[in-house]
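Chemist: work.pdb is reproduced in full below (PDB, C-alpha atoms and all ligand atoms).
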```
MODEL        1
ATOM      1  CA  MET A  12     -12.488   0.705  16.840
ATOM      2  CA  SER A  13     -14.006   3.033  14.279
ATOM      3  CA  ALA A  14     -13.395   2.273  10.601
ATOM      4  CA  LYS A  15     -13.994   5.950   9.715
ATOM      5  CA  ALA A  16     -10.814   7.700   8.676
ATOM      6  CA  LEU A  17     -10.142  10.108  11.546
ATOM      7  CA  VAL A  18      -9.584  13.744  10.580
ATOM      8  CA  ALA A  19      -8.240  16.932  12.171
ATOM      9  CA  GLY A  20     -10.285  17.666  15.254
ATOM     10  CA  ASP A  21     -11.109  14.022  15.991
ATOM     11  CA  PRO A  22      -9.815  12.850  19.380
ATOM     12  CA  ARG A  23      -6.908  10.436  19.610
ATOM     13  CA  PRO A  24      -8.107   6.901  20.316
ATOM     14  CA  PRO A  25      -6.886   5.269  23.547
ATOM     15  CA  PRO A  26      -3.757   3.118  23.161
ATOM     16  CA  PRO A  27      -4.266  -0.457  22.000
ATOM     17  CA  GLY A  28      -4.969  -3.022  24.722
ATOM     18  CA  LYS A  29      -2.146  -5.156  26.110
ATOM     19  CA  GLY A  30      -0.616  -7.326  23.397
ATOM     20  CA  VAL A  31      -2.896  -5.902  20.690
ATOM     21  CA  LEU A  32      -1.163  -4.922  17.456
ATOM     22  CA  ARG A  33      -2.593  -1.740  15.946
ATOM     23  CA  LEU A  34      -2.129  -0.493  12.397
ATOM     24  CA  TYR A  35      -2.683   3.181  11.616
ATOM     25  CA  SER A  36      -3.764   3.089   8.027
ATOM     26  CA  MET A  37      -5.788   4.724   5.283
ATOM     27  CA  PRO A  38      -7.736   2.405   2.999
ATOM     28  CA  PHE A  39      -6.273   3.906  -0.205
ATOM     29  CA  SER A  40      -2.681   4.404   0.924
ATOM     30  CA  PRO A  41      -0.404   2.235  -1.227
ATOM     31  CA  PHE A  42       2.196   2.302   1.545
ATOM     32  CA  ALA A  43      -0.249   1.139   4.204
ATOM     33  CA  GLN A  44      -1.452  -1.497   1.732
ATOM     34  CA  ARG A  45       2.057  -2.957   1.723
ATOM     35  CA  THR A  46       1.722  -3.581   5.438
ATOM     36  CA  ARG A  47      -1.879  -4.773   5.204
ATOM     37  CA  LEU A  48      -0.713  -7.314   2.622
ATOM     38  CA  VAL A  49       1.989  -8.638   4.925
ATOM     39  CA  LEU A  50      -0.393  -8.774   7.893
ATOM     40  CA  ALA A  51      -2.882 -10.696   5.741
ATOM     41  CA  ALA A  52      -0.266 -13.038   4.246
ATOM     42  CA  LYS A  53       1.124 -13.890   7.661
ATOM     43  CA  LYS A  54      -2.373 -14.051   9.186
ATOM     44  CA  ILE A  55      -1.381 -11.706  12.004
ATOM     45  CA  PRO A  56      -4.350 -10.431  14.031
ATOM     46  CA  TYR A  57      -4.518  -6.645  14.352
ATOM     47  CA  GLU A  58      -6.850  -3.736  14.801
ATOM     48  CA  VAL A  59      -7.008  -0.720  12.521
ATOM     49  CA  VAL A  60      -7.192   2.997  13.139
ATOM     50  CA  ASN A  61      -7.842   4.764   9.868
ATOM     51  CA  VAL A  62      -6.664   8.327   9.431
ATOM     52  CA  ASN A  63      -7.391  10.742   6.625
ATOM     53  CA  THR A  64      -3.943  11.555   5.261
ATOM     54  CA  TYR A  65      -5.101  14.789   3.598
ATOM     55  CA  PHE A  66      -6.843  16.175   6.690
ATOM     56  CA  LYS A  67      -4.658  14.547   9.296
ATOM     57  CA  PRO A  68      -5.565  14.432  12.981
ATOM     58  CA  GLU A  69      -3.198  16.704  14.909
ATOM     59  CA  TRP A  70      -2.145  13.846  17.227
ATOM     60  CA  LEU A  71      -0.747  11.659  14.435
ATOM     61  CA  LYS A  72       2.663  13.322  14.826
ATOM     62  CA  ASP A  73       2.613  12.304  18.500
ATOM     63  CA  VAL A  74       2.122   8.686  17.478
ATOM     64  CA  ALA A  75       5.025   8.770  14.979
ATOM     65  CA  PRO A  76       7.206  11.760  14.088
ATOM     66  CA  LEU A  77       6.691  11.664  10.293
ATOM     67  CA  ALA A  78       2.906  11.471  10.803
ATOM     68  CA  ARG A  79       2.272   9.273   7.796
ATOM     69  CA  VAL A  80       0.882   5.803   7.420
ATOM     70  CA  PRO A  81       1.512   2.953   7.891
ATOM     71  CA  ILE A  82       2.354   3.013  11.596
ATOM     72  CA  LEU A  83       2.350  -0.045  13.852
ATOM     73  CA  GLU A  84       1.851   0.228  17.606
ATOM     74  CA  GLN A  85       1.965  -2.526  20.185
ATOM     75  CA  ASP A  86       2.658  -2.380  23.914
ATOM     76  CA  GLY A  87       4.219   1.094  23.657
ATOM     77  CA  VAL A  88       6.471   0.174  20.712
ATOM     78  CA  VAL A  89       5.930   2.192  17.537
ATOM     79  CA  ILE A  90       7.223   1.336  14.064
ATOM     80  CA  TYR A  91       6.683   3.519  11.026
ATOM     81  CA  GLU A  92       7.628   3.527   7.319
ATOM     82  CA  SER A  93       6.176   0.691   5.282
ATOM     83  CA  LEU A  94       9.419  -1.187   4.668
ATOM     84  CA  ALA A  95      10.472  -0.949   8.328
ATOM     85  CA  CYS A  96       6.988  -2.111   9.377
ATOM     86  CA  ASN A  97       7.095  -5.075   7.011
ATOM     87  CA  ASN A  98      10.615  -6.132   7.949
ATOM     88  CA  TYR A  99       9.647  -5.854  11.615
ATOM     89  CA  LEU A 100       6.563  -8.014  11.118
ATOM     90  CA  ASP A 101       8.581 -10.667   9.323
ATOM     91  CA  GLU A 102      11.069 -10.819  12.215
ATOM     92  CA  ALA A 103       8.596 -10.477  15.069
ATOM     93  CA  TYR A 104       6.204 -13.047  13.605
ATOM     94  CA  PRO A 105       8.713 -15.540  12.183
ATOM     95  CA  GLU A 106       6.219 -18.145  11.009
ATOM     96  CA  SER A 107       5.853 -18.211   7.206
ATOM     97  CA  ARG A 108       8.745 -15.887   6.488
ATOM     98  CA  LEU A 109       8.316 -13.601   3.507
ATOM     99  CA  ARG A 110      11.852 -12.243   3.224
ATOM    100  CA  ALA A 111      14.823 -14.064   1.734
ATOM    101  CA  LYS A 112      17.381 -15.570   4.103
ATOM    102  CA  ASP A 113      20.414 -14.989   1.902
ATOM    103  CA  ALA A 114      22.244 -11.681   2.470
ATOM    104  CA  TYR A 115      22.481 -10.782  -1.224
ATOM    105  CA  LEU A 116      18.821 -11.622  -1.840
ATOM    106  CA  ARG A 117      17.828  -9.429   1.104
ATOM    107  CA  ALA A 118      19.894  -6.588  -0.366
ATOM    108  CA  ARG A 119      18.216  -7.242  -3.718
ATOM    109  CA  GLU A 120      14.811  -6.855  -2.053
ATOM    110  CA  ASN A 121      15.826  -3.353  -0.988
ATOM    111  CA  MET A 122      17.200  -2.524  -4.433
ATOM    112  CA  VAL A 123      14.326  -3.821  -6.531
ATOM    113  CA  VAL A 124      11.605  -2.208  -4.437
ATOM    114  CA  GLU A 125      13.123   1.130  -5.480
ATOM    115  CA  MET A 126      12.187   0.344  -9.091
ATOM    116  CA  SER A 127       8.560   0.344  -8.034
ATOM    117  CA  GLY A 128       9.344   3.639  -6.273
ATOM    118  CA  LYS A 129       9.953   5.099  -9.726
ATOM    119  CA  VAL A 130       6.487   3.964 -10.807
ATOM    120  CA  MET A 131       5.045   5.458  -7.608
ATOM    121  CA  SER A 132       6.732   8.845  -8.200
ATOM    122  CA  GLY A 133       5.351   8.865 -11.737
ATOM    123  CA  LEU A 134       1.873   7.965 -10.530
ATOM    124  CA  ILE A 135       1.919  10.849  -8.037
ATOM    125  CA  GLN A 136       3.178  13.247 -10.725
ATOM    126  CA  VAL A 137       0.410  12.264 -13.143
ATOM    127  CA  ALA A 138      -2.485  11.801 -10.712
ATOM    128  CA  LEU A 139      -1.873  14.581  -8.232
ATOM    129  CA  ARG A 140       0.491  17.148  -9.770
ATOM    130  CA  ASN A 141      -0.643  17.278 -13.371
ATOM    131  CA  GLN A 142       2.991  16.695 -14.459
ATOM    132  CA  ILE A 143       1.827  14.310 -17.155
ATOM    133  CA  GLU A 144       4.855  14.094 -19.444
ATOM    134  CA  ASP A 145       7.491  13.660 -16.718
ATOM    135  CA  GLY A 146       5.255  11.325 -14.734
ATOM    136  CA  VAL A 147       4.557   9.067 -17.703
ATOM    137  CA  ILE A 148       8.291   8.819 -18.488
ATOM    138  CA  CYS A 149       8.958   7.868 -14.882
ATOM    139  CA  ILE A 150       6.250   5.181 -14.863
ATOM    140  CA  ALA A 151       7.473   3.743 -18.176
ATOM    141  CA  GLU A 152      11.070   3.583 -16.950
ATOM    142  CA  GLY A 153      10.031   1.886 -13.718
ATOM    143  CA  ILE A 154       7.884  -0.694 -15.482
ATOM    144  CA  ASP A 155      10.612  -1.494 -18.000
ATOM    145  CA  LEU A 156      13.087  -2.007 -15.158
ATOM    146  CA  LEU A 157      10.674  -4.302 -13.328
ATOM    147  CA  GLU A 158      10.003  -6.313 -16.503
ATOM    148  CA  LYS A 159      13.736  -6.816 -16.978
ATOM    149  CA  GLU A 160      14.227  -7.796 -13.337
ATOM    150  CA  LEU A 161      11.512 -10.453 -13.271
ATOM    151  CA  SER A 162      13.088 -13.820 -14.086
ATOM    152  CA  GLN A 163      10.966 -16.161 -11.946
ATOM    153  CA  PRO A 164       7.210 -16.463 -11.369
ATOM    154  CA  PHE A 165       7.462 -13.919  -8.547
ATOM    155  CA  PHE A 166       9.946 -11.177  -7.732
ATOM    156  CA  SER A 167      10.734 -13.158  -4.571
ATOM    157  CA  GLY A 168      11.315 -16.405  -6.510
ATOM    158  CA  ASN A 169       9.041 -19.382  -6.989
ATOM    159  CA  LYS A 170       6.510 -18.192  -4.473
ATOM    160  CA  VAL A 171       5.099 -14.864  -3.488
ATOM    161  CA  GLY A 172       7.202 -13.004  -0.924
ATOM    162  CA  MET A 173       7.984  -9.669   0.657
ATOM    163  CA  LEU A 174       9.263  -8.069  -2.531
ATOM    164  CA  ASP A 175       6.053  -8.922  -4.375
ATOM    165  CA  TYR A 176       3.892  -7.447  -1.606
ATOM    166  CA  ASN A 177       6.004  -4.281  -1.449
ATOM    167  CA  ILE A 178       5.791  -3.769  -5.216
ATOM    168  CA  TRP A 179       2.131  -4.724  -5.722
ATOM    169  CA  PRO A 180       0.189  -1.671  -4.452
ATOM    170  CA  VAL A 181       1.511   0.706  -7.108
ATOM    171  CA  ILE A 182       0.930  -1.820  -9.870
ATOM    172  CA  GLU A 183      -2.659  -2.349  -8.668
ATOM    173  CA  ARG A 184      -3.291   1.387  -9.218
ATOM    174  CA  LEU A 185      -2.003   1.636 -12.804
ATOM    175  CA  PRO A 186      -5.253   0.555 -14.518
ATOM    176  CA  ALA A 187      -7.049   3.274 -12.524
ATOM    177  CA  LEU A 188      -4.523   5.874 -13.597
ATOM    178  CA  GLU A 189      -4.954   4.854 -17.234
ATOM    179  CA  ARG A 190      -8.701   5.455 -16.884
ATOM    180  CA  LEU A 191      -8.088   8.978 -15.646
ATOM    181  CA  GLN A 192      -5.232   9.820 -17.972
ATOM    182  CA  PRO A 193      -5.033   7.781 -21.205
ATOM    183  CA  LEU A 194      -1.483   9.094 -21.836
ATOM    184  CA  ALA A 195      -0.409   7.093 -18.783
ATOM    185  CA  LYS A 196      -1.102   3.831 -20.631
ATOM    186  CA  VAL A 197       2.482   2.655 -20.915
ATOM    187  CA  TRP A 198       1.897  -0.942 -19.838
ATOM    188  CA  SER A 199       1.687  -3.258 -22.826
ATOM    189  CA  ASP A 200       0.812  -6.915 -22.348
ATOM    190  CA  ASN A 201       3.267  -7.794 -25.127
ATOM    191  CA  LYS A 202       6.171  -5.632 -24.099
ATOM    192  CA  HIS A 203       5.566  -6.425 -20.425
ATOM    193  CA  ALA A 204       4.603 -10.068 -20.814
ATOM    194  CA  LYS A 205       6.396 -11.263 -17.664
ATOM    195  CA  LEU A 206       4.874  -8.487 -15.557
ATOM    196  CA  THR A 207       1.446  -9.208 -17.009
ATOM    197  CA  ALA A 208       1.718 -12.888 -16.050
ATOM    198  CA  TRP A 209       3.000 -11.881 -12.596
ATOM    199  CA  ALA A 210       0.057  -9.509 -12.096
ATOM    200  CA  GLU A 211      -2.318 -12.343 -12.963
ATOM    201  CA  ARG A 212      -0.608 -14.558 -10.396
ATOM    202  CA  MET A 213      -0.796 -11.785  -7.808
ATOM    203  CA  HIS A 214      -4.536 -11.375  -8.391
ATOM    204  CA  GLN A 215      -4.931 -15.027  -7.357
ATOM    205  CA  ASP A 216      -3.084 -14.524  -4.068
ATOM    206  CA  GLY A 217      -5.261 -14.626  -0.945
ATOM    207  CA  ALA A 218      -3.655 -11.609   0.729
ATOM    208  CA  VAL A 219      -3.935  -9.544  -2.462
ATOM    209  CA  LYS A 220      -7.596 -10.486  -2.816
ATOM    210  CA  GLN A 221      -8.219  -9.479   0.788
ATOM    211  CA  CYS A 222      -6.625  -6.037   0.381
ATOM    212  CA  GLU A 223      -7.379  -4.998  -3.194
ATOM    213  CA  PHE A 224      -9.743  -2.447  -4.713
ATOM    214  CA  SER A 225     -11.001  -2.504  -8.277
ATOM    215  CA  ALA A 226      -9.578  -0.079 -10.836
ATOM    216  CA  GLU A 227     -12.943   1.647 -10.834
ATOM    217  CA  THR A 228     -12.822   2.261  -7.086
ATOM    218  CA  HIS A 229      -9.225   3.480  -7.221
ATOM    219  CA  ALA A 230     -10.147   5.843 -10.050
ATOM    220  CA  THR A 231     -13.130   7.164  -8.103
ATOM    221  CA  TYR A 232     -10.947   7.682  -5.042
ATOM    222  CA  MET A 233      -8.326   9.571  -7.083
ATOM    223  CA  LYS A 234     -10.994  11.785  -8.667
ATOM    224  CA  ARG A 235     -12.735  12.563  -5.387
ATOM    225  CA  THR A 236      -9.452  13.272  -3.617
ATOM    226  CA  LEU A 237      -8.345  15.636  -6.381
ATOM    227  CA  ALA A 238     -11.685  17.413  -6.030
ATOM    228  CA  GLY A 239     -10.922  17.916  -2.312
ATOM    229  CA  ASP A 240     -13.610  15.529  -1.064
ATOM    230  CA  ILE A 241     -12.700  15.036   2.596
ATOM    231  CA  ARG A 242     -14.854  11.910   2.868
ATOM    232  CA  ALA A 243     -13.286  10.084  -0.088
ATOM    233  CA  PRO A 244     -11.428   7.441   1.991
ATOM    234  CA  ASP A 245     -14.668   6.508   3.756
ATOM    235  CA  THR A 246     -17.156   6.727   0.921
ATOM    236  CA  CYS A 247     -14.968   4.889  -1.601
ATOM    237  CA  ALA A 248     -13.952   2.187   0.879
ATOM    238  CA  GLN A 249     -17.493   1.516   1.976
ATOM    239  CA  GLU A 250     -18.767   1.268  -1.589
ATOM    240  CA  THR A 251     -16.804  -1.866  -2.367
ATOM    241  CA  PHE A 252     -14.312  -2.923   0.227
ATOM    242  CA  THR A 253     -15.027  -6.196   1.956
ATOM    243  CA  GLY A 254     -11.517  -7.179   2.976
ATOM    244  CA  TYR A 255     -10.947  -4.529   5.608
ATOM    245  CA  PRO A 256     -10.833  -6.284   8.981
ATOM    246  CA  ASN A 257     -12.759  -3.835  11.141
ATOM    247  CA  LEU A 258     -15.242  -2.494   8.629
ATOM    248  CA  SER A 259     -17.881  -5.157   9.109
ATOM    249  CA  ARG A 260     -17.769  -4.869  12.886
ATOM    250  CA  SER A 261     -17.356  -1.131  12.968
ATOM    251  CA  THR A 262     -18.778   0.608  16.002
ATOM    252  CA  GLY A 263     -19.268   3.724  13.987
TER     253      GLY A 263
HETATM  254  N1  LIG B 301       8.017   6.342   2.796
HETATM  255  C1  LIG B 301       6.773   6.159   3.496
HETATM  256  C2  LIG B 301       5.673   6.902   2.762
HETATM  257  C3  LIG B 301       4.375   6.882   3.551
HETATM  258  C4  LIG B 301       3.379   7.906   3.008
HETATM  259  O1  LIG B 301       3.756   8.856   2.297
HETATM  260  N2  LIG B 301       2.109   7.724   3.385
HETATM  261  C5  LIG B 301       1.092   8.685   2.986
HETATM  262  C6  LIG B 301      -0.195   7.982   2.662
HETATM  263  S1  LIG B 301      -0.072   7.163   1.104
HETATM  264  C7  LIG B 301       0.843   9.625   4.140
HETATM  265  O2  LIG B 301       0.624   9.214   5.259
HETATM  266  N3  LIG B 301       0.860  10.931   3.836
HETATM  267  C8  LIG B 301       0.628  11.955   4.797
HETATM  268  C9  LIG B 301       1.713  12.979   4.761
HETATM  269  O3  LIG B 301       2.721  12.811   4.033
HETATM  270  O4  LIG B 301       1.583  13.962   5.476
HETATM  271  C10 LIG B 301       6.464   4.680   3.679
HETATM  272  O5  LIG B 301       7.051   3.874   2.939
HETATM  273  O6  LIG B 301       5.690   4.331   4.574
ENDMDL
END
```
How would this structure read if it were set down as structure tokens?
Modeler:
Amino acid sequence: MSAKALVAGDPRPPPPGKGVLRLYSMPFSPFAQRTRLVLAAKKIPYEVVNVNTYFKPEWLKDVAPLARVPILEQDGVVIYESLACNNYLDEAYPESRLRAKDAYLRARENMVVEMSGKVMSGLIQVALRNQIEDGVICIAEGIDLLEKELSQPFFSGNKVGMLDYNIWPVIERLPALERLQPLAKVWSDNKHAKLTAWAERMHQDGAVKQCEFSAETHATYMKRTLAGDIRAPDTCAQETFTGYPNLSRSTG
């Protein structure tokens, strides 16, 4: 399977072989990263089809109606939307469960992940829409909410869990955003001491290490994408990314 992010005009790859789990992804998608993190944490084997989400292949909407990544496909079953994908994986591959068992705690997972959604909206406003002031307010509000919510080493409790993996991708991108837009520096190690300690713990996690990019690479990707560089997902990923399962054995 090619590691190149497929673009408009590229043919649709044949369906995955029997029993093979396929992830449609894009190396820099924070939503697809949520699912890559869960696949890595649960050590689930899978193959990847990368798509360029700015110059999308026409057939992506035939794979899943919203035509956005992540999408999982296996034996004719298709699951899309990062949270649905991750909940599915946790149920379908029940070893080393990442979600809470308790009904309230499961509801809390859904509630708290929305706080990181605020940070994500702000990041998009600042990085892609030039809505600096509103975006920065949104990021600051989201981070303050997360800081207040964190009362244990991880959002999921004493060990890393689904909530941590769903929140992490947007947090990983904040240092890159601060490089591009100094006004977006709203994270303070003092004011956000619990979040800072959590981020350090997350950096030590095996799945995070396998799926992460440096701030420098994220910043380069953001800059190239803003400049309309169609090859940004490929060039930026190949510069530094070692954790991507199919990259090293790419057939082109
Ligand atoms: N709510 C979705 C958002 C997914 C999403 O927006 N993915 C982006 C990549 S970061 C995408 O595929 N965008 C293409 C598009 O919206 O057309 C999820 O949680 O999976």
Chemist: Give as a count of residues only the residues that the PyMOL selection byres (((chain A and resi 68) around 12) and not hetatm) matches when applied to the coordinates above.
Modeler: 26
Chemist: Have a look at CA of Phe224 (chain A) and CA of Asp101 (chain A) and let me know their distance in Å, one decimal.
Modeler: 24.5 Å
Chemist: Using only C-alpha atoms, collect all residues at a distance of at most 10 Å from (2.8, 3.3, 10.9) as written in the file, then present them as a compact mmCIF listing (two decimals) with C-alpha atoms, in the frame of the given file.
Modeler:
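Saved to result19.txt:
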```txt
# COMPACT_ATOMS: atom_id res chain seq x y z
CA ARG A 33 -2.59 -1.74 15.95
CA LEU A 34 -2.13 -0.49 12.40
CA TYR A 35 -2.68 3.18 11.62
CA SER A 36 -3.76 3.09 8.03
CA PHE A 42 2.20 2.30 1.54
CA ALA A 43 -0.25 1.14 4.20
CA THR A 46 1.72 -3.58 5.44
CA LEU A 71 -0.75 11.66 14.44
CA VAL A 74 2.12 8.69 17.48
CA ALA A 75 5.03 8.77 14.98
CA LEU A 77 6.69 11.66 10.29
CA ALA A 78 2.91 11.47 10.80
CA ARG A 79 2.27 9.27 7.80
CA VAL A 80 0.88 5.80 7.42
CA PRO A 81 1.51 2.95 7.89
CA ILE A 82 2.35 3.01 11.60
CA LEU A 83 2.35 -0.04 13.85
CA GLU A 84 1.85 0.23 17.61
CA VAL A 89 5.93 2.19 17.54
CA ILE A 90 7.22 1.34 14.06
CA TYR A 91 6.68 3.52 11.03
CA GLU A 92 7.63 3.53 7.32
CA SER A 93 6.18 0.69 5.28
CA ALA A 95 10.47 -0.95 8.33
CA CYS A 96 6.99 -2.11 9.38
```
Chemist: Enumerate, as a ChimeraX atom specification, the residues matched when the PyMOL selection byres (((chain A and resi 237-246) around 12) and not hetatm) is run on the file above.
Modeler: /A:13-19,36-40,61-67,135,137-141,191,228-236,247-252,255,258,263
Chemist: So, counting only C-alpha atoms and all ligand atoms, which residue among A:Lys29, A:Arg47, A:Lys205, A:Lys220 is closest to ligand LIG 301 (chain B)?
Modeler: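 Between A:Lys29, A:Arg47, A:Lys205, A:Lys220, the residue approaching ligand LIG 301 (chain B) most closely is A:Arg47.
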Chemist: Could you name the residues that touch Pro56 (chain A) at 9 Å or less, counting only C-alpha atoms, but leaving out those on the same chain fewer than 2 positions away, as JSON, numbers by chain?
Modeler: {"A": [31, 32, 50, 51, 54, 58]}
Chemist: Kindly give the distance, in Å, that separates atom O4 of ligand LIG 301 (chain B) and CA of Ala210 (chain A), rounded to a single decimal.
Modeler: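 Separation between atom O4 of ligand LIG 301 (chain B) and CA of Ala210 (chain A): 29.4 Å.
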Chemist: Can you tell me which residues surround Val49 (chain A) at a distance of at most 8 Å, considering all atoms listed in the file, apart from same-chain residues fewer than 2 positions away, and format the answer as a VMD selection string?
Modeler: chain A and resid 45 to 47 51 to 53 97 100 173 176 218
Chemist: Looking at A:Glu125, A:Met213, A:Arg110, A:Ile148, which one is nearest to Lys196 (chain A), with distances taken over all atoms listed in the file?
Modeler: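 Residue with the minimum atom-to-atom distance to Lys196 (chain A): A:Ile148.
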Chemist: Restricting the calculation to only C-alpha atoms and all ligand atoms, which member of A:Gln142, A:Asn177, A:Gln136, A:Ser225 is positioned closest to ligand LIG 301 (chain B)?
Modeler: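 Of all the options, A:Asn177 lies closest to ligand LIG 301 (chain B).
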Chemist: Between A:Val147, A:Leu161, A:Val219, A:Glu227, which residue has the minimum interatomic distance to Leu194 (chain A), considering only C-alpha atoms?
Modeler: A:Val147
Chemist: CA of Val181 (chain A) and CA of Glu211 (chain A) are how many Å apart?
Modeler: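 Value for the CA of Val181 (chain A)-CA of Glu211 (chain A) distance: 14.8 Å.
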